[in-house]
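**Student:** Coordinates in my_file17.tsv, TSV, C-alpha atoms and all ligand atoms, are listed below.
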chain	number	residue	atom	x	y	z
A	1004	MET	CA	7.74	34.87	17.74
A	1005	LYS	CA	4.75	35.75	15.51
A	1006	LYS	CA	6.20	33.51	12.80
A	1007	LEU	CA	6.52	30.61	15.24
A	1008	LEU	CA	2.93	31.09	16.36
A	1009	LEU	CA	1.71	31.06	12.74
A	1010	ILE	CA	3.65	27.84	12.01
A	1011	LEU	CA	2.22	26.19	15.12
A	1012	LEU	CA	-1.30	27.26	14.13
A	1013	LEU	CA	-0.95	26.08	10.52
A	1014	SER	CA	0.92	22.83	11.10
A	1015	PRO	CA	-2.17	20.68	11.88
A	1016	LEU	CA	-3.78	22.00	8.68
A	1017	LEU	CA	-0.65	21.19	6.69
A	1018	LEU	CA	-0.67	17.67	8.08
A	1019	LEU	CA	-4.30	17.27	7.03
A	1020	ALA	CA	-3.72	18.58	3.49
A	1021	GLN	CA	-3.90	15.62	1.19
A	1022	PRO	CA	-2.98	15.76	-2.50
A	1023	THR	CA	-5.84	15.59	-5.00
A	1024	VAL	CA	-5.55	12.37	-6.96
A	1025	THR	CA	-7.38	11.36	-10.14
A	1026	LEU	CA	-7.06	8.17	-12.14
A	1027	GLN	CA	-7.56	8.66	-15.86
A	1028	VAL	CA	-7.92	5.79	-18.29
A	1029	LEU	CA	-6.06	6.49	-21.53
A	1030	GLY	CA	-6.78	3.18	-23.24
A	1031	SER	CA	-9.46	0.72	-22.14
A	1032	ASP	CA	-8.91	-1.90	-24.85
A	1033	GLY	CA	-6.77	-4.96	-25.42
A	1034	PRO	CA	-4.85	-5.67	-28.64
A	1035	GLU	CA	-7.78	-5.83	-31.08
A	1036	SER	CA	-8.78	-3.22	-33.56
A	1037	GLY	CA	-12.45	-2.67	-34.35
A	1038	ASP	CA	-13.69	-1.43	-30.98
A	1039	LYS	CA	-12.62	2.20	-31.41
A	1040	ARG	CA	-10.64	2.13	-28.18
A	1041	ALA	CA	-6.97	2.73	-27.47
A	1042	SER	CA	-4.85	-0.10	-26.02
A	1043	SER	CA	-3.87	-0.23	-22.35
A	1044	GLY	CA	-2.74	2.97	-20.69
A	1045	TYR	CA	-3.49	4.82	-17.44
A	1046	LEU	CA	-2.48	8.13	-16.02
A	1047	ILE	CA	-2.45	9.36	-12.44
A	1048	TRP	CA	-2.99	13.07	-11.91
A	1049	ILE	CA	-1.65	14.47	-8.65
A	1050	ASP	CA	-2.58	18.05	-7.76
A	1051	GLY	CA	-3.49	18.68	-11.42
A	1052	LYS	CA	-0.22	17.32	-12.82
A	1053	SER	CA	0.17	14.21	-15.01
A	1054	LYS	CA	2.66	12.38	-12.77
A	1055	ILE	CA	2.53	8.62	-13.25
A	1056	LEU	CA	1.91	6.59	-16.36
A	1057	ILE	CA	0.99	2.92	-16.24
A	1058	ASP	CA	1.45	1.11	-19.57
A	1059	PHE	CA	1.31	2.91	-22.91
A	1060	GLY	CA	-0.15	0.79	-25.72
A	1061	GLY	CA	-1.23	1.79	-29.23
A	1062	GLY	CA	-3.42	4.91	-29.23
A	1063	ALA	CA	-2.55	5.88	-25.65
A	1064	SER	CA	-0.27	8.64	-26.98
A	1065	LEU	CA	-3.23	10.40	-28.66
A	1066	ARG	CA	-5.36	9.98	-25.53
A	1067	PHE	CA	-2.47	11.40	-23.44
A	1068	GLU	CA	-2.57	14.47	-25.66
A	1069	GLU	CA	-6.38	14.73	-25.59
A	1070	ALA	CA	-6.31	14.51	-21.79
A	1071	GLY	CA	-4.06	17.58	-21.68
A	1072	ALA	CA	-1.23	15.60	-20.06
A	1073	ARG	CA	2.35	16.89	-20.29
A	1074	ILE	CA	5.47	14.73	-20.56
A	1075	GLN	CA	7.43	17.36	-18.61
A	1076	ASP	CA	5.21	16.61	-15.58
A	1077	LEU	CA	5.81	12.84	-15.71
A	1078	GLU	CA	7.91	11.30	-12.95
A	1079	VAL	CA	7.53	7.57	-13.44
A	1080	ILE	CA	6.36	5.10	-16.06
A	1081	LEU	CA	5.33	1.64	-14.87
A	1082	LEU	CA	5.09	-1.20	-17.37
A	1083	THR	CA	3.06	-4.18	-16.22
A	1084	HIS	CA	4.70	-6.27	-18.95
A	1085	LEU	CA	6.20	-5.86	-22.40
A	1086	HIS	CA	3.40	-7.04	-24.69
A	1087	VAL	CA	2.79	-4.67	-27.64
A	1088	VAL	CA	-0.61	-3.71	-26.31
A	1089	HIS	CA	1.04	-2.23	-23.19
A	1090	THR	CA	4.13	-0.59	-24.69
A	1091	ALA	CA	3.71	0.31	-28.39
A	1092	ASP	CA	3.39	4.11	-28.01
A	1093	LEU	CA	6.51	4.61	-25.86
A	1094	PRO	CA	8.71	5.76	-28.80
A	1095	ALA	CA	6.07	8.38	-29.72
A	1096	LEU	CA	6.05	9.67	-26.15
A	1097	LEU	CA	9.83	9.90	-25.94
A	1098	LYS	CA	10.12	11.69	-29.29
A	1099	SER	CA	7.42	14.21	-28.29
A	1100	SER	CA	9.57	15.32	-25.35
A	1101	PHE	CA	11.98	17.01	-27.78
A	1102	PHE	CA	9.41	19.74	-28.37
A	1103	THR	CA	8.88	20.43	-24.67
A	1104	ARG	CA	10.96	21.57	-21.73
A	1105	ALA	CA	11.00	18.05	-20.27
A	1106	SER	CA	14.24	17.49	-18.37
A	1107	GLY	CA	15.82	15.36	-15.66
A	1108	ASN	CA	15.29	11.65	-15.13
A	1109	LEU	CA	12.13	9.87	-16.22
A	1110	HIS	CA	12.15	6.51	-14.42
A	1111	LEU	CA	10.67	3.52	-16.21
A	1112	TYR	CA	10.05	0.23	-14.37
A	1113	GLY	CA	9.10	-3.14	-15.78
A	1114	PRO	CA	9.76	-6.86	-15.36
A	1115	ASP	CA	13.10	-8.59	-15.61
A	1116	LYS	CA	13.73	-11.12	-18.39
A	1117	ASN	CA	12.96	-14.80	-18.63
A	1118	SER	CA	13.71	-17.27	-21.41
A	1119	PHE	CA	10.78	-15.88	-23.38
A	1120	MET	CA	11.03	-12.09	-23.01
A	1121	PRO	CA	13.84	-9.52	-22.64
A	1122	SER	CA	14.31	-7.48	-19.48
A	1123	THR	CA	12.86	-3.97	-19.42
A	1124	LYS	CA	16.38	-2.45	-19.63
A	1125	SER	CA	17.23	-4.53	-22.64
A	1126	PHE	CA	13.81	-3.77	-24.19
A	1127	VAL	CA	14.57	-0.03	-23.90
A	1128	ASN	CA	18.09	-0.52	-25.30
A	1129	ARG	CA	16.76	-2.49	-28.24
A	1130	LEU	CA	14.41	0.38	-29.00
A	1131	PHE	CA	16.67	3.38	-28.52
A	1132	ALA	CA	20.33	2.65	-27.69
A	1133	GLU	CA	23.06	3.90	-30.00
A	1134	GLY	CA	24.23	1.03	-32.25
A	1135	LYS	CA	21.43	-1.29	-31.03
A	1136	GLY	CA	18.08	0.44	-31.26
A	1137	ALA	CA	15.57	0.49	-34.07
A	1138	TRP	CA	15.18	4.19	-33.17
A	1139	GLN	CA	18.83	4.75	-32.22
A	1140	TYR	CA	18.48	8.40	-33.23
A	1141	LEU	CA	16.73	8.82	-29.83
A	1142	GLY	CA	19.75	7.28	-28.09
A	1143	ASP	CA	20.67	10.65	-26.56
A	1144	HIS	CA	17.80	10.05	-24.09
A	1145	LEU	CA	19.78	7.11	-22.65
A	1146	ASP	CA	23.38	8.29	-22.69
A	1147	GLY	CA	23.24	11.64	-20.88
A	1148	ARG	CA	23.20	13.97	-23.92
A	1149	ALA	CA	19.48	14.92	-24.07
A	1150	THR	CA	17.90	17.02	-21.31
A	1151	LEU	CA	15.36	14.26	-20.61
A	1152	GLN	CA	16.95	10.94	-19.60
A	1153	LEU	CA	14.97	7.69	-19.63
A	1154	LYS	CA	16.16	5.51	-16.74
A	1155	ALA	CA	15.00	1.91	-17.13
A	1156	HIS	CA	14.85	-0.45	-14.12
A	1157	ASN	CA	14.22	-4.20	-14.02
A	1158	ILE	CA	11.96	-5.69	-11.35
A	1159	SER	CA	12.99	-9.24	-10.57
A	1160	LYS	CA	10.37	-11.93	-10.07
A	1161	ASN	CA	9.06	-11.53	-6.55
A	1162	LEU	CA	5.95	-13.05	-4.98
A	1163	LYS	CA	6.20	-10.70	-2.00
A	1164	ALA	CA	5.43	-7.06	-2.74
A	1165	LYS	CA	8.38	-4.68	-2.49
A	1166	VAL	CA	8.68	-0.91	-2.60
A	1167	ILE	CA	10.35	0.10	-5.87
A	1168	TYR	CA	9.92	3.88	-5.71
A	1169	ARG	CA	9.39	6.47	-3.02
A	1170	LYS	CA	9.36	10.23	-3.32
A	1171	GLY	CA	7.44	12.72	-1.19
A	1172	ASP	CA	3.85	11.50	-0.83
A	1173	ILE	CA	4.31	8.78	-3.47
A	1174	SER	CA	5.17	5.19	-2.69
A	1175	ILE	CA	5.01	2.42	-5.33
A	1176	LYS	CA	4.98	-1.31	-4.62
A	1177	ALA	CA	5.38	-4.10	-7.15
A	1178	VAL	CA	4.69	-7.83	-7.11
A	1179	SER	CA	4.83	-10.56	-9.74
A	1180	VAL	CA	1.60	-11.90	-11.20
A	1181	HIS	CA	0.94	-14.89	-13.44
A	1182	HIS	CA	0.42	-14.03	-17.12
A	1183	GLY	CA	1.20	-17.35	-18.82
A	1184	PRO	CA	4.88	-17.41	-19.87
A	1185	ILE	CA	5.22	-13.60	-19.78
A	1186	PRO	CA	6.94	-11.90	-16.80
A	1187	ALA	CA	4.27	-9.54	-15.43
A	1188	ILE	CA	3.97	-7.11	-12.54
A	1189	ALA	CA	1.05	-5.65	-10.58
A	1190	TYR	CA	1.60	-2.21	-9.02
A	1191	ARG	CA	0.14	-0.39	-6.08
A	1192	ILE	CA	0.61	3.35	-5.94
A	1193	ASP	CA	0.01	5.06	-2.58
A	1194	ILE	CA	-0.27	8.82	-2.66
A	1195	GLY	CA	-0.70	10.16	0.85
A	1196	LYS	CA	-3.63	8.20	2.25
A	1197	LYS	CA	-5.03	7.22	-1.17
A	1198	SER	CA	-4.10	4.29	-3.32
A	1199	ILE	CA	-4.67	2.79	-6.76
A	1200	THR	CA	-3.72	-0.78	-7.65
A	1201	PHE	CA	-3.23	-2.10	-11.19
A	1202	SER	CA	-3.57	-5.80	-11.93
A	1203	GLY	CA	-2.08	-5.65	-15.42
A	1204	ASP	CA	-2.70	-8.85	-17.36
A	1205	MET	CA	-2.80	-11.90	-15.09
A	1206	ASN	CA	-4.87	-14.95	-14.26
A	1207	GLY	CA	-4.65	-14.94	-10.45
A	1208	GLU	CA	-2.57	-18.13	-10.10
A	1209	TYR	CA	0.08	-16.60	-7.81
A	1210	HIS	CA	-2.50	-15.11	-5.38
A	1211	THR	CA	-0.34	-12.02	-4.95
A	1212	LEU	CA	-2.77	-9.31	-6.09
A	1213	GLU	CA	-5.26	-9.78	-3.24
A	1214	LYS	CA	-2.50	-8.93	-0.75
A	1215	LEU	CA	-1.08	-6.02	-2.76
A	1216	ALA	CA	-4.55	-4.46	-3.15
A	1217	LYS	CA	-5.44	-4.66	0.57
A	1218	TYR	CA	-8.09	-1.94	1.23
A	1219	THR	CA	-7.04	-0.05	-1.89
A	1220	ASN	CA	-9.28	2.82	-3.02
A	1221	ILE	CA	-9.36	1.68	-6.65
A	1222	LEU	CA	-8.38	-1.65	-8.17
A	1223	VAL	CA	-8.03	-1.52	-11.95
A	1224	ALA	CA	-8.61	-5.10	-13.11
A	1225	HIS	CA	-8.37	-6.40	-16.64
A	1226	ASN	CA	-11.60	-7.81	-17.99
A	1227	ALA	CA	-10.09	-9.54	-21.04
A	1228	ILE	CA	-12.11	-12.76	-20.96
A	1229	PRO	CA	-15.78	-13.55	-20.29
A	1230	LYS	CA	-17.36	-15.98	-17.82
A	1231	GLY	CA	-16.45	-19.62	-18.37
A	1232	SER	CA	-13.29	-19.03	-20.47
A	1233	LYS	CA	-10.86	-21.92	-20.53
A	1234	GLY	CA	-7.61	-22.99	-22.23
A	1235	VAL	CA	-4.92	-20.47	-23.22
A	1236	ALA	CA	-7.11	-17.41	-22.53
A	1237	ALA	CA	-7.65	-18.54	-18.91
A	1238	LYS	CA	-3.89	-19.15	-18.50
A	1239	LEU	CA	-3.31	-15.49	-19.36
A	1240	HIS	CA	-6.29	-13.65	-17.88
A	1241	MET	CA	-8.68	-13.52	-14.91
A	1242	THR	CA	-12.25	-14.65	-15.34
A	1243	PRO	CA	-14.88	-12.28	-13.89
A	1244	TYR	CA	-15.31	-14.81	-11.05
A	1245	THR	CA	-11.61	-14.49	-10.12
A	1246	ILE	CA	-11.81	-10.69	-10.31
A	1247	GLY	CA	-14.74	-10.81	-7.87
A	1248	GLN	CA	-12.80	-13.04	-5.45
A	1249	ILE	CA	-9.73	-10.78	-5.49
A	1250	ALA	CA	-11.80	-7.61	-5.04
A	1251	LYS	CA	-13.63	-9.18	-2.10
A	1252	ILE	CA	-10.58	-10.66	-0.34
A	1253	SER	CA	-8.60	-7.43	-0.70
A	1254	GLY	CA	-11.42	-5.20	0.53
A	1255	THR	CA	-11.09	-3.01	-2.58
A	1256	LYS	CA	-13.30	0.06	-2.31
A	1257	MET	CA	-13.94	0.51	-6.03
A	1258	LEU	CA	-13.34	-1.84	-8.94
A	1259	VAL	CA	-12.60	-0.41	-12.40
A	1260	LEU	CA	-12.78	-2.95	-15.23
A	1261	SER	CA	-10.59	-2.21	-18.22
A	1262	HIS	CA	-8.67	-3.99	-21.03
A	1263	ARG	CA	-12.13	-4.72	-22.41
A	1264	MET	CA	-12.12	-6.78	-25.56
A	1265	LEU	CA	-14.65	-7.72	-28.25
A	1266	ARG	CA	-15.24	-10.95	-26.33
A	1267	THR	CA	-16.18	-9.09	-23.12
A	1268	LEU	CA	-17.76	-5.91	-24.53
A	1269	GLY	CA	-21.55	-6.29	-24.51
A	1270	LYS	CA	-21.33	-8.86	-21.70
A	1271	GLU	CA	-21.23	-6.30	-18.88
A	1272	LYS	CA	-24.39	-7.62	-17.20
A	1273	GLU	CA	-23.11	-11.21	-17.11
A	1274	THR	CA	-19.65	-10.05	-15.99
A	1275	LYS	CA	-21.10	-7.91	-13.22
A	1276	SER	CA	-23.29	-10.71	-11.88
A	1277	GLU	CA	-20.27	-13.08	-11.81
A	1278	ILE	CA	-18.25	-10.51	-9.87
A	1279	ARG	CA	-21.22	-9.85	-7.56
A	1280	LYS	CA	-21.09	-13.48	-6.35
A	1281	TYR	CA	-18.25	-12.22	-4.15
A	1282	TYR	CA	-17.79	-8.49	-4.36
A	1283	LYS	CA	-20.42	-6.02	-3.16
A	1284	GLY	CA	-18.56	-2.74	-3.75
A	1285	ASN	CA	-18.72	-0.19	-6.53
A	1286	ILE	CA	-18.04	-1.57	-10.06
A	1287	LYS	CA	-17.23	0.65	-13.06
A	1288	PHE	CA	-16.58	-0.34	-16.67
A	1289	ALA	CA	-13.83	1.90	-18.06
A	1290	ASP	CA	-13.88	3.76	-21.34
A	1291	ASP	CA	-11.06	5.75	-22.92
A	1292	LYS	CA	-10.59	8.98	-20.99
A	1293	SER	CA	-12.80	7.89	-18.03
A	1294	ARG	CA	-11.73	9.77	-14.91
A	1295	TYR	CA	-12.09	8.63	-11.30
A	1296	LYS	CA	-11.36	11.09	-8.55
A	1297	LEU	CA	-10.17	9.55	-5.29
B	1	ZN	ZN	-0.49	-9.28	-21.97
Please, can you express the file's structure as C-alpha cells?
**Tutor:**
Amino acid sequence: MKKLLLILLLSPLLLLAQPTVTLQVLGSDGPESGDKRASSGYLIWIDGKSKILIDFGGGASLRFEEAGARIQDLEVILLTHLHVVHTADLPALLKSSFFTRASGNLHLYGPDKNSFMPSTKSFVNRLFAEGKGAWQYLGDHLDGRATLQLKAHNISKNLKAKVIYRKGDISIKAVSVHHGPIPAIAYRIDIGKKSITFSGDMNGEYHTLEKLAKYTNILVAHNAIPKGSKGVAAKLHMTPYTIGQIAKISGTKMLVLSHRMLRTLGKEKETKSEIRKYYKGNIKFADDKSRYKL
C-alpha cells in the first residue's frame, strides 16, 4: 500500500522529468584546410552521455576525443551525405572501439545510391567488408564476429519526412534535401520535448527543411557560401538569405551556423544582416567544440 502511494506521488514528477540535452559541434568547417577547424561533425549529449553522432569528417575524431565522448555510449550515427568532409574519420572511430568495451549494434544511417554516389550500405562495405573493403581487417565489425557491430541503413529519396529511428525518448526523422547531384538527407532529432534539426549540405530547392524544422529548438544550418553566390556553389549550398527564410518559416528558436568556410569566415556581419531580413531569433556562429544546452 505504502509502495503504491509512493508511486502515485512520484509519477507526475517522473512524467515531468526531461532528459538533459546538449548539442556539441565537433567540426565547424567545410573541406578546406587553412582555417584550423575540423570538418563537419556534431554530437548530441543526452543525460551526460555521447549518444548521437551526425557526420564525422576529417578532424572530428580528435574533437570527439577532446570532448570526452565515448564510442561505447554511441547509439546512432547519422550521415547527411557521403562527401569526404562528412565521413572521412569513420574508420578511425570504428578502429578506436577495439580498445573500449563498446558492444552491441551501432546503427548508421545515410542516403541511398544514385547514378553518382553509392548507397550508405555499399559505402560501408567498400570501406570495411571482408574481400571488398580498403580496411577489410575491420570486417569483423560487419559480420557478427566483433563485439561492436556497425549496422548500415539506406534512406531512400523521400520528400516527405519519415521516422527512421525510435527508442525511448529519442525519435529521428529524415527527409531528402537538394545538394546538387549528391543524395543528401536532413535530420530532425526529437528527445523528449526538445529537438535539434540538421540541414546538412543543401541549397533549399526541395523546400523540405522548413517543414522538418517546424518549431525546432535548434536548427544547425550550413553557412558554406556568402551573400550573392551563384553558379555551382549556389546549386550545392544555401545562401544566407535562404537560411533566413527557412529559419523564419519553420519558427526555429535558435539558429546555429556551421560548415563555415574561408569564403564565409570574416563575413559574419554581412551574413547575419542577410538572415535578419527574415529571421528575428537567436543566431550563433559555431566553432569547434561549441556547446549549446537545450
Ligand atoms: Zn557536401
**Student:** When you count only C-alpha atoms, which of these residues is closest to A:Lys1230: A:Ile1278, A:Met1264, A:Ala1177, A:Ala1020?
**Tutor:**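 Looking only at the distances to A:Lys1230, the closest residue turns out to be A:Ile1278.
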**Student:** At most 7 Å is the cut-off: for each residue in chain A with any atom that close to an atom of ligand ZN 1 (chain B), write down the nearest atom pair and the distance in Å rounded to one decimal, counting all atoms listed in the file, chain first then increasing number, as a Markdown table.
**Tutor:**
| residue | atom | partner | partner_atom | distance |
| --- | --- | --- | --- | --- |
| A:His1084 | CA | B:ZN1 | ZN | 6.7 |
| A:His1086 | CA | B:ZN1 | ZN | 5.2 |
| A:His1182 | CA | B:ZN1 | ZN | 6.8 |
| A:Asp1204 | CA | B:ZN1 | ZN | 5.1 |
**Student:** Expressed in Å to a single decimal, how great is the separation between atom CA of A:Lys1197 and atom CA of A:Gly1030?
**Tutor:**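 Here the two named atoms are 22.5 Å from each other.
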**Student:** Which one is closest to A:Arg1266: A:Leu1162, A:Ala1237, A:Ala1137, A:Ile1228? Count only C-alpha atoms.
**Tutor:**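 Closest to A:Arg1266 of all the choices is A:Ile1228.
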**Student:** Taking all atoms listed in the file into account, which of A:Ile1221, A:Ala1189, A:Leu1077, A:Leu1085 comes nearest A:Leu1153?
**Tutor:**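 Smallest distance to A:Leu1153 is found for A:Leu1077.
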**Student:** From the list A:Thr1023, A:Ser1106, A:Ser1125, A:Ser1036, which residue is nearest A:His1144 when using all atoms listed in the file?
**Tutor:**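 Going through A:Thr1023, A:Ser1106, A:Ser1125, A:Ser1036 one by one, the smallest distance to A:His1144 is for A:Ser1106.
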